[in-house]
Each structure stands twice: as structure tokens, then as C-alpha cells.
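Here is the file final19.txt (compact mmCIF, C-alpha atoms).
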# COMPACT_ATOMS: atom_id res chain seq x y z
CA MET A 26 -19.33 25.89 16.35
CA ILE A 27 -15.75 26.68 17.41
CA ILE A 28 -13.53 27.14 14.42
CA ASP A 29 -10.67 29.51 13.86
CA LYS A 30 -11.65 32.39 11.58
CA GLU A 31 -8.50 31.85 9.54
CA VAL A 32 -9.42 28.21 8.99
CA GLU A 33 -12.90 29.21 7.89
CA LYS A 34 -11.43 31.75 5.50
CA THR A 35 -9.18 29.12 3.94
CA LEU A 36 -12.08 26.70 3.69
CA ASP A 37 -14.01 29.40 1.86
CA GLU A 38 -11.11 29.61 -0.57
CA ILE A 39 -11.42 25.88 -1.22
CA LEU A 40 -15.13 26.28 -1.90
CA LYS A 41 -14.27 28.84 -4.57
CA ILE A 42 -12.55 26.14 -6.64
CA ALA A 43 -14.86 25.24 -9.50
CA LYS A 44 -16.92 22.10 -8.88
CA VAL A 45 -16.14 21.91 -5.16
CA LEU A 46 -19.52 21.47 -3.53
CA ALA A 47 -18.75 21.16 0.15
CA VAL A 48 -15.97 20.87 2.71
CA THR A 49 -16.42 18.84 5.85
CA ILE A 50 -14.40 18.23 8.98
CA SER A 51 -15.76 15.22 10.80
CA SER A 52 -14.80 13.03 13.70
CA TYR A 53 -13.86 9.38 13.56
CA GLU A 54 -17.16 8.73 15.34
CA GLY A 55 -19.05 10.00 12.32
CA LEU A 56 -20.04 13.37 13.76
CA VAL A 57 -19.87 16.63 11.84
CA ILE A 58 -17.36 19.07 13.37
CA PHE A 59 -17.59 21.67 10.64
CA GLU A 60 -19.24 21.78 7.27
CA LYS A 61 -19.79 24.36 4.62
CA GLY A 62 -21.11 24.32 1.08
CA VAL A 63 -24.18 23.18 -0.77
CA GLU A 64 -26.36 20.32 0.40
CA ALA A 65 -25.57 18.03 -2.54
CA VAL A 66 -25.74 15.06 -0.21
CA ASP A 67 -26.87 14.76 3.39
CA LYS A 68 -23.85 16.03 5.39
CA GLN A 69 -24.71 13.96 8.46
CA LYS A 70 -24.87 10.83 6.36
CA LEU A 71 -21.70 11.84 4.54
CA SER A 72 -19.81 12.14 7.84
CA VAL A 73 -21.04 8.74 8.92
CA GLU A 74 -19.87 7.17 5.65
CA ILE A 75 -16.53 8.99 5.75
CA ALA A 76 -15.91 7.70 9.27
CA ARG A 77 -16.86 4.20 8.14
CA ILE A 78 -14.42 4.37 5.24
CA ALA A 79 -11.66 5.69 7.53
CA LYS A 80 -12.29 2.89 9.99
CA SER A 81 -12.16 0.28 7.22
CA VAL A 82 -8.58 1.32 6.48
CA LYS A 83 -7.35 2.19 9.96
CA LYS A 84 -8.33 -1.15 11.46
CA HIS A 85 -5.65 -2.72 9.27
CA LEU A 86 -2.93 -0.31 10.33
CA SER A 87 -0.89 0.13 13.43
CA SER A 88 -2.52 2.43 15.96
CA GLN A 89 0.71 4.41 15.73
CA VAL A 90 -0.25 5.47 12.19
CA LYS A 91 -2.35 8.47 13.12
CA GLU A 92 -2.29 10.48 9.92
CA GLY A 93 -0.78 10.74 6.45
CA ILE A 94 -3.50 8.73 4.77
CA ASN A 95 -5.17 10.41 1.81
CA LEU A 96 -8.06 8.92 -0.07
CA TYR A 97 -9.60 9.88 -3.40
CA VAL A 98 -12.83 8.25 -4.45
CA TYR A 99 -14.33 8.72 -7.88
CA TYR A 100 -18.03 7.95 -7.97
CA GLU A 101 -20.15 8.23 -11.10
CA LYS A 102 -21.77 11.44 -9.90
CA PHE A 103 -19.26 12.88 -7.43
CA GLU A 104 -15.64 12.92 -6.40
CA LEU A 105 -14.65 12.76 -2.76
CA ILE A 106 -11.23 13.53 -1.32
CA MET A 107 -10.43 12.67 2.28
CA PHE A 108 -7.40 13.45 4.43
CA PHE A 109 -7.21 11.37 7.59
CA LEU A 110 -5.79 13.52 10.39
CA GLU A 111 -5.04 12.45 13.94
CA ASN A 112 -8.35 13.56 15.47
CA SER A 113 -10.49 14.37 12.49
CA ILE A 114 -11.14 13.70 8.83
CA PHE A 115 -10.96 16.60 6.42
CA SER A 116 -12.90 16.05 3.22
CA SER A 117 -14.19 17.78 0.12
CA LEU A 118 -17.12 16.68 -1.96
CA CYS A 119 -16.94 17.71 -5.60
CA GLU A 120 -18.69 17.38 -8.88
CA GLU A 121 -17.11 15.28 -11.61
CA ASN A 122 -13.84 16.44 -13.14
CA VAL A 123 -12.83 18.85 -10.42
CA ASN A 124 -9.25 20.16 -10.60
CA MET A 125 -7.99 17.58 -8.12
CA GLY A 126 -4.42 18.89 -8.21
CA SER A 127 -5.46 22.38 -7.17
CA LEU A 128 -7.85 21.04 -4.56
CA LYS A 129 -5.17 18.83 -3.03
CA ILE A 130 -2.75 21.75 -2.74
CA LYS A 131 -5.32 23.99 -1.08
CA MET A 132 -6.47 21.27 1.29
CA ASN A 133 -2.90 20.48 2.28
CA LYS A 134 -2.34 24.15 3.00
CA VAL A 135 -5.12 24.32 5.56
CA ILE A 136 -4.32 21.04 7.35
CA PRO A 137 -1.81 22.53 9.84
CA GLN A 138 -4.46 25.08 10.86
CA ILE A 139 -7.10 22.38 11.28
CA LYS A 140 -4.72 20.29 13.36
CA THR A 141 -4.14 23.14 15.79
CA SER A 142 -7.87 23.88 15.98
CA PHE A 143 -8.97 20.39 17.04
CA MET B 22 -20.09 -7.79 5.93
CA GLU B 23 -16.65 -8.36 4.51
CA LYS B 24 -16.15 -10.66 1.56
CA GLU B 25 -14.52 -13.92 2.46
CA ASN B 26 -11.17 -14.34 0.75
CA GLY B 27 -9.77 -16.95 3.09
CA LEU B 28 -6.93 -14.73 4.12
CA GLY B 29 -8.22 -13.07 7.24
CA ALA B 30 -7.21 -9.62 8.40
CA ALA B 31 -3.57 -8.65 8.11
CA PRO B 32 -1.85 -7.74 11.34
CA SER B 33 -1.62 -3.99 11.59
CA SER B 34 2.09 -3.72 11.00
CA LEU B 35 2.17 -5.77 7.84
CA ILE B 36 1.17 -3.11 5.35
CA PHE B 37 4.45 -1.26 5.31
CA VAL B 38 6.42 -4.47 5.72
CA SER B 39 4.62 -6.04 2.75
CA LEU B 40 5.17 -2.95 0.66
CA ALA B 41 8.86 -2.78 1.57
CA SER B 42 9.24 -6.46 0.75
CA MET B 43 7.51 -5.89 -2.57
CA TYR B 44 9.81 -2.98 -3.37
CA LEU B 45 12.84 -5.12 -2.56
CA ASP B 46 11.51 -8.01 -4.63
CA ASN B 47 11.18 -5.67 -7.59
CA GLY B 48 14.67 -4.27 -7.25
CA MET B 49 13.53 -0.95 -5.75
CA VAL B 50 16.13 -1.11 -2.98
CA ASP B 51 16.16 2.62 -2.17
CA GLU B 52 12.37 2.67 -1.85
CA ALA B 53 12.48 -0.40 0.41
CA ILE B 54 15.08 1.25 2.67
CA ASP B 55 13.12 4.48 2.77
CA LEU B 56 9.86 2.73 3.63
CA CYS B 57 11.41 0.48 6.29
CA LYS B 58 13.08 3.45 7.97
CA SER B 59 9.83 5.36 7.88
CA GLY B 60 7.87 2.40 9.25
CA LEU B 61 10.43 1.74 11.95
CA ARG B 62 9.98 5.25 13.25
CA ILE B 63 6.43 4.17 14.04
CA GLU B 64 7.19 0.60 15.05
CA PRO B 65 10.84 0.54 16.09
CA GLU B 66 10.66 -3.05 17.31
CA ASN B 67 9.21 -4.54 14.13
CA GLU B 68 11.57 -7.44 13.48
CA GLU B 69 10.44 -8.18 9.95
CA ALA B 70 11.06 -4.56 8.97
CA HIS B 71 14.56 -4.73 10.46
CA LEU B 72 15.19 -7.93 8.53
CA ILE B 73 14.02 -6.46 5.22
CA LEU B 74 16.02 -3.31 5.90
CA ALA B 75 19.12 -5.39 6.61
CA GLN B 76 18.60 -7.28 3.35
CA ALA B 77 18.15 -4.02 1.47
CA GLU B 78 21.25 -2.53 3.05
CA ILE B 79 23.27 -5.59 2.06
CA GLU B 80 21.92 -5.44 -1.49
CA LYS B 81 22.87 -1.78 -1.53
CA GLY B 82 26.44 -2.81 -0.66
CA LYS B 83 26.19 -1.55 2.92
CA THR B 84 27.08 -4.96 4.32
CA ASP B 85 28.39 -3.63 7.64
CA ASP B 86 25.16 -1.73 8.30
CA GLY B 87 23.08 -4.77 7.43
CA LYS B 88 25.21 -7.03 9.59
CA LYS B 89 25.06 -4.63 12.54
CA ARG B 90 21.30 -4.49 12.22
CA LEU B 91 21.03 -8.28 12.22
CA VAL B 92 23.30 -8.55 15.26
CA GLU B 93 21.16 -6.02 17.14
CA LEU B 94 18.02 -7.84 16.04
CA LEU B 95 19.39 -11.11 17.39
CA GLN B 96 20.40 -9.46 20.64
CA ARG B 97 16.78 -8.47 21.11
CA ASN B 98 15.43 -11.81 19.91
CA PRO B 99 17.92 -14.69 19.66
CA GLU B 100 15.09 -16.90 18.36
CA ASN B 101 14.77 -15.02 15.06
CA THR B 102 15.92 -17.81 12.77
CA ALA B 103 15.61 -15.78 9.57
CA ALA B 104 17.97 -13.13 10.95
CA LYS B 105 20.33 -15.78 12.25
CA GLY B 106 20.38 -17.59 8.91
CA LEU B 107 21.08 -14.40 7.03
CA LEU B 108 23.81 -13.35 9.43
CA ASP B 109 25.45 -16.77 9.22
CA GLN B 110 25.51 -16.52 5.46
CA ILE B 111 27.08 -13.09 5.54
CA GLU B 112 29.72 -14.21 8.01
CA GLU B 113 30.50 -17.26 5.89
CA GLN B 114 30.89 -15.01 2.91
CA VAL B 115 33.19 -12.69 4.83
CA LYS B 116 35.26 -15.60 6.15
CA ALA B 117 35.54 -17.11 2.70
CA GLY B 118 36.65 -13.73 1.42
CA GLU B 119 39.26 -13.37 4.17
CA GLY B 120 40.69 -16.87 3.56
CA GLU B 121 40.94 -16.17 -0.08
CA GLY B 122 42.54 -12.84 0.75
CA GLU B 123 45.27 -14.46 2.87
CA ARG B 124 46.22 -16.73 0.02
CA GLU B 125 45.91 -14.28 -2.78
CA GLU B 126 45.57 -10.76 -1.53
CA GLY B 127 45.87 -9.25 -4.93
CA ARG B 128 43.15 -11.43 -6.41
CA GLU B 129 40.81 -10.55 -3.57
CA LYS B 130 40.99 -6.89 -4.49
CA ARG B 131 40.06 -7.65 -8.06
CA GLU B 132 37.20 -9.83 -6.96
CA GLU B 133 35.85 -7.49 -4.30
CA GLY B 134 33.13 -6.19 -6.52
CA GLU B 135 32.04 -9.68 -7.47
CA GLU B 136 32.00 -10.74 -3.83
CA VAL B 137 29.58 -7.97 -2.91
CA GLU B 138 27.48 -8.97 -5.83
CA GLY B 139 27.66 -12.57 -4.66
CA GLU B 140 26.50 -11.54 -1.20
CA GLY B 141 23.57 -9.85 -2.79
CA GLU B 142 22.71 -13.04 -4.63
CA GLU B 143 23.02 -15.07 -1.43
CA VAL B 144 20.77 -12.61 0.37
CA GLU B 145 18.36 -12.72 -2.53
CA GLY B 146 18.35 -16.51 -2.23
CA LYS B 147 17.70 -16.31 1.49
CA ARG B 148 14.92 -13.80 0.99
CA GLU B 149 13.29 -15.98 -1.63
CA GLU B 150 13.59 -18.89 0.78
CA THR B 151 11.93 -16.89 3.56
CA GLU B 152 9.27 -15.65 1.17
CA GLY B 153 8.74 -19.21 -0.04
CA LYS B 154 8.29 -20.45 3.51
CA ARG B 155 5.77 -17.72 4.23
CA GLU B 156 3.83 -18.49 1.08
CA GLU B 157 4.05 -22.19 1.93
CA THR B 158 2.51 -21.54 5.36
CA GLU B 159 -0.23 -19.43 3.84
CA GLY B 160 -0.75 -22.16 1.28
CA GLU B 161 -1.39 -24.63 4.08
CA ILE B 162 -4.16 -22.43 5.42
CA THR B 163 -5.97 -21.93 2.16
CA ASP B 164 -5.19 -25.12 0.23
CA GLU B 165 -8.64 -26.54 0.72
CA GLU B 166 -10.30 -23.33 -0.36
CA LYS B 167 -7.96 -23.02 -3.31
CA GLU B 168 -8.78 -26.56 -4.35
CA ILE B 169 -12.49 -25.82 -4.20
CA LYS B 170 -12.03 -22.62 -6.18
CA LYS B 171 -9.86 -24.42 -8.71
CA ASP B 172 -12.65 -26.92 -9.32
CA GLU B 173 -15.09 -24.10 -9.79
CA ILE B 174 -13.23 -22.38 -12.65
CA THR B 175 -15.49 -22.09 -15.64
CA ASP B 176 -14.39 -21.79 -19.26
CA GLU B 177 -15.52 -18.18 -19.19
CA GLU B 178 -13.33 -17.50 -16.15
CA LYS B 179 -10.38 -19.21 -17.78
CA GLN B 180 -10.83 -17.06 -20.86
CA LEU B 181 -11.13 -13.95 -18.73
CA GLU B 182 -8.05 -14.95 -16.75
CA ASN B 183 -5.98 -15.15 -19.95
CA GLN B 184 -7.25 -11.74 -21.02
CA LEU B 185 -6.42 -10.23 -17.65
CA ILE B 186 -2.88 -11.59 -17.62
CA GLY B 187 -2.39 -9.79 -20.93
CA LYS B 188 -3.77 -6.63 -19.36
CA ILE B 189 -1.40 -6.95 -16.40
CA ASP B 190 1.50 -7.03 -18.84
CA ASP B 191 0.21 -3.83 -20.46
CA ILE B 192 -0.44 -2.13 -17.13
CA SER B 193 2.97 -3.03 -15.76
CA LYS B 194 4.52 -0.97 -18.54
CA ILE B 195 3.12 2.20 -16.96
CA GLU B 196 5.90 3.97 -15.11
CA GLY B 197 5.82 3.68 -11.34
CA ILE B 198 3.75 0.48 -11.16
CA VAL B 199 5.14 -1.89 -8.54
CA ASN B 200 2.46 -4.53 -8.76
CA CYS B 201 -0.88 -5.20 -10.40
CA PHE B 202 -3.38 -7.96 -9.87
CA PHE B 203 -7.03 -8.71 -10.49
CA ARG B 204 -9.63 -10.41 -8.37
CA LEU B 205 -12.54 -12.02 -10.10
CA LYS B 206 -15.93 -11.74 -8.45
CA SER B 207 -15.58 -15.42 -7.50
CA GLY B 208 -12.63 -14.39 -5.31
CA ARG B 209 -10.01 -15.89 -7.61
CA ILE B 210 -6.83 -13.81 -7.75
CA ILE B 211 -5.18 -13.29 -11.12
CA LYS B 212 -1.57 -12.16 -11.05
CA SER B 213 1.34 -12.26 -13.41
CA SER B 214 4.54 -14.15 -12.71
CA ASN B 215 6.41 -11.13 -14.06
CA LEU B 216 5.48 -9.07 -11.02
CA VAL B 217 6.72 -10.50 -7.76
CA GLY B 218 5.79 -9.77 -4.18
CA ASN B 219 3.44 -11.12 -1.59
CA ILE B 220 0.11 -9.38 -2.10
CA ASP B 221 -1.90 -11.53 0.29
CA GLU B 222 -1.18 -9.36 3.30
CA LEU B 223 -2.46 -6.26 1.50
CA ILE B 224 -5.71 -7.72 0.23
CA PRO B 225 -7.70 -7.56 3.49
CA MET B 226 -7.12 -3.81 3.81
CA LEU B 227 -7.86 -3.07 0.15
CA ASP B 228 -10.91 -5.29 0.25
CA SER B 229 -12.20 -3.65 3.41
CA LEU B 230 -11.75 -0.21 1.84
CA LEU B 231 -13.50 -1.22 -1.37
CA GLN B 232 -16.49 -2.54 0.52
CA ALA B 233 -16.77 0.57 2.69
CA VAL B 234 -16.59 2.81 -0.36
CA GLU B 235 -19.14 0.74 -2.29
CA SER B 236 -21.43 0.89 0.72
CA SER B 237 -21.07 4.68 0.84
CA SER B 238 -22.00 4.98 -2.83
CA SER B 239 -25.19 3.13 -2.12
CA GLU B 240 -26.03 4.97 1.13
CA LEU B 241 -25.36 8.42 -0.33
CA GLU B 242 -26.64 7.69 -3.84
CA MET B 243 -23.38 8.86 -5.35
CA GLY B 244 -23.42 6.45 -8.28
CA LYS B 245 -21.12 3.57 -9.03
CA VAL B 246 -17.51 3.67 -7.73
CA THR B 247 -15.17 4.01 -10.69
CA LEU B 248 -11.79 4.56 -9.06
CA ILE B 249 -10.24 4.65 -5.62
CA LEU B 250 -6.77 6.01 -4.88
CA ILE B 251 -5.30 5.75 -1.43
CA GLU B 252 -1.94 7.10 -0.33
CA ILE B 253 -0.71 5.27 2.71
CA GLU B 254 2.65 4.64 4.29
CA LYS B 255 4.49 5.81 1.18
CA GLY B 256 2.59 3.32 -0.93
CA ILE B 257 -0.09 4.19 -3.44
CA PHE B 258 -2.93 1.82 -4.11
CA TYR B 259 -5.43 2.15 -6.95
CA ILE B 260 -8.59 0.13 -7.08
CA PHE B 261 -10.75 -0.12 -10.19
CA SER B 262 -13.88 -2.14 -9.93
CA ASN B 263 -16.40 -3.36 -12.47
CA GLU B 264 -19.01 -6.08 -12.68
CA LEU B 265 -16.46 -8.75 -13.66
CA TYR B 266 -13.45 -8.03 -11.47
CA ASP B 267 -11.57 -5.70 -9.14
CA CYS B 268 -8.23 -4.41 -10.40
CA PHE B 269 -5.59 -3.44 -7.84
CA LEU B 270 -2.47 -1.43 -8.64
CA ILE B 271 0.37 -0.66 -6.29
CA CYS B 272 2.63 2.27 -7.10
CA LYS B 273 5.54 3.98 -5.43
CA ASP B 274 4.14 7.53 -5.73
CA THR B 275 1.31 9.56 -7.22
CA LYS B 276 3.32 10.95 -10.12
CA ASN B 277 1.56 8.59 -12.52
CA PHE B 278 -1.93 9.41 -11.22
CA GLY B 279 -2.96 11.36 -14.30
CA LEU B 280 -1.50 8.74 -16.60
CA VAL B 281 -3.13 5.85 -14.78
CA LYS B 282 -6.46 7.62 -14.72
CA ALA B 283 -6.29 8.29 -18.45
CA ILE B 284 -4.80 5.03 -19.69
CA LEU B 285 -6.22 2.38 -17.43
CA PRO B 286 -9.85 2.59 -18.56
CA LYS B 287 -8.59 2.10 -22.12
CA ILE B 288 -6.50 -0.92 -21.17
CA LEU B 289 -9.31 -2.43 -19.16
CA GLY B 290 -11.65 -1.78 -22.06
Rewrite the structure from the file as C-alpha cells, please.
Amino acid sequence: MIIDKEVEKTLDEILKIAKVLAVTISSYEGLVIFEKGVEAVDKQKLSVEIARIAKSVKKHLSSQVKEGINLYVYYEKFELIMFFLENSIFSSLCEENVNMGSLKIKMNKVIPQIKTSF
Amino acid sequence: MEKENGLGAAPSSLIFVSLASMYLDNGMVDEAIDLCKSGLRIEPENEEAHLILAQAEIEKGKTDDGKKRLVELLQRNPENTAAKGLLDQIEEQVKAGEGEGEREEGREKREEGEEVEGEGEEVEGKREETEGKREETEGEITDEEKEIKKDEITDEEKQLENQLIGKIDDISKIEGIVNCFFRLKSGRIIKSSNLVGNIDELIPMLDSLLQAVESSSSELEMGKVTLILIEIEKGIFYIFSNELYDCFLICKDTKNFGLVKAILPKILG
């Protein structure tokens, strides 16, 4: 797996936030590019579903809109935050009542690094 | 499979245009200008966005900017009747102002402020006319379906509808809410006349998202979906879903996220 050490370090920082279970970088084809964290849900399946969700939105937008779409989904058991980037989807899977504000800040911080890595 | 709502998929460019139109309809002129400019960076040739931006500029008092934009729009597409109509109205206003000025120059100065206001009203009228025509066209497409749905309304739905209209009034008091509407599981849309804006073009995207998310909850065994928030093109959409209805909120930013998350479940009961 090719991922910048600095990116990995920052992703580790995200995983230190209480209730963050996993971070995933996946492709729009539903493939896992990078993942780290506990196996709360099947990561392969998660990437497939994330890509499906991304597609459900992007098909209604101009192809020129390549990024700047952020999605927060609150399920009964988990919370999922997704940032749609140009070539990948950056997401975090969390337990209920995670500090979403803190998570959003940390995820935003690492996005420029992810964008240069892929 | 997507739920049928009789509206079909919105063309890709319509999300930001619909949002900008909604902002303008609700008096959020600065937000409409900001969104149109942002959208036009992505789709510089989008005529509807140029038209809404011109209307917003005129409402903002920047009549020359709006007029210039309309002239440029017509140079690119002389067949754009909405732009032509709006430009004609502005020019008539200007001519009327000039004639008045020749006769009573002093009075013109006093009335300048009113004239700008008047232009805004004219533009507002034109926009409502355009909006009306669009809604009329959409109405033609879905009249039959609407008629069928109308016949299918049960007493329970009617009662629920009345309750939901009351909830919309409560929800609309939350700061930052641009629009709010409900969709019953039968597909019937419940909206309040107090909140204006054409929501039809946004529904296919929100619906598609809701279905994908609900599917993911089932596939991944994550439990029921309680809330979705999506930030897109400077618009914020919230979706709450329960067994009776889907509730959609449109906001201008995420500043009210905490408030919405805390208050809405209480309002929805």
C-alpha cells in the first residue's frame, strides 16, 4: 500500500479521537485504497456502500463538481462522515456521539495531503 | 431502485441554480449572488444562473451590472426570452425615469430611491412570472399523477398533513433555515406557503441519497438512519426519516447544525 508516512501519521491522530473506529480512503469504484482501525464493519463492504452513496449524489451534479461535498450520516449504531474528493472518498466510521466538530477539523487538515498522495 | 416521484432526475446543473433561486425567493440576495458566482465558475455558460444573478444584482441595486449581464447573455443566446423580457423591463424603467427627469429633474432625484425599489418589484414580478411558468410546465407533466394522489388522500394523511404544516412553521423559526418540506411515504409532498422556492428540482438528488444511505444501513447492519447532513455547493441539506415521512431541510450553512440536531427531534416528536 502506497501512502505517505505523514498522511498515515495524521490518520493515526484521527483514530485517537474518542469513538472513532476506523478511517478509510476508498475509490469511486468501491475499492479500498487505505484503511485503518478496528473491524467494526466489513471494510470492503463499507467502501462499496460509500462509493454507492457518493454515486447517488454525484449523478445529479455537474461533472465539473469534483469535490467539496461532505456527508454526515447518523445511523442508530454508528456515525459515518464522508468527504468526497476528486479521486477518492475519505471517510471515518465512528461510534454514536463522537465529537463531530473535532473530527471534521482533523479530517479537513489531512485532505490536502491525501489529495497530493492520490 | 429509486422511488417514483414523477419528477425524474434533475439535470446536473440545476442544484446550484435551484438553491440560488430559492435564496433569492427568500430575500437572501447576497447568498444568491455568492452561490451563482460560485456555480458559474464551474459552469460559466449556465444561462439560468446568469439570469438569476442578474436579477439578484438588480435587487441589490446594481442595475448596471445586471443589465450588462443580460446584454451579454442575449449576445450569446438571442433566443433567451426570459432575459430579453427582463432587459426590456429594465430599459423601460430607465426610459421612464429619464423622461420624468427631463420634465422634472429635481423630482427625479428625490424619487431615485423609489425607482430602484420599483425596479426591484418589477424584477420580482418577472421572476415570479418565470417561476410560475416553470411550475406550470412541471404541473403539466405531473397533473395526472397529482390527481391520482389527490384521490388517494386518506383522513389519516389529511390529519398528518395539518400536523406537519404546523411543524414546518416551528422548524422555519430555526435560524438559517431556507426551506423545509415533508414527503409522506405515499409520495405526497407537504410544504408551507410561507416558505417559497421550487423544491422539485432538488428532490431527485435528495431522494437518491436517502435511498443509497438506507440501503447502506441494511447492507452493513448499521441500524436505522436517523439523520443525514450533506454540504454541497454552498447549500446544506438535512434529511430526517421515520416510518411516516421524510423531512427535508435546506439551510445556508452548518452553523445551526447543533441546534437542528438538538431541536428537530423534539419538534418532530
Identify which of the residues B:Ile284, B:Ile271, B:Leu230, B:Leu61 lies closest to chain A, counting only C-alpha atoms when measuring atom-to-atom distances.
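Among the listed residues, the smallest separation from chain A belongs to B:Leu230.
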Using only C-alpha atoms, find the residues of chain A whose closest atom to chain B is at most 9 Å away, then write them as an MDAnalysis selection string.
chainID A and resid 66:67 70:71 74:75 77:90 93:104
Give me, as an MDAnalysis selection string, all polymer residues having an atom no more than 6 Å from A:Ala47, counting all atoms listed in the file and skipping those fewer than 3 positions away in the same chain.
chainID A and resid 61:63 117:118
Please indicate the distance in Å from atom CA of A:Val123 to atom CA of B:Gly290, rounded to one decimal place.
23.7 Å
Would you list the contacts of B:Ile198 as a ChimeraX atom specification, taking every protein, DNA or RNA residue within 10 Å and counting only C-alpha atoms, but skipping same-chain residues closer than 2 positions in sequence?
/B:192-196,200-201,216,257-258,270-274,277,281
Quick check, in Å to one decimal: how far apart do atom CA of B:Ser207 and atom CA of B:Ser262 lie?
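Going from atom CA of B:Ser207 over to atom CA of B:Ser262, I get 13.6 Å.
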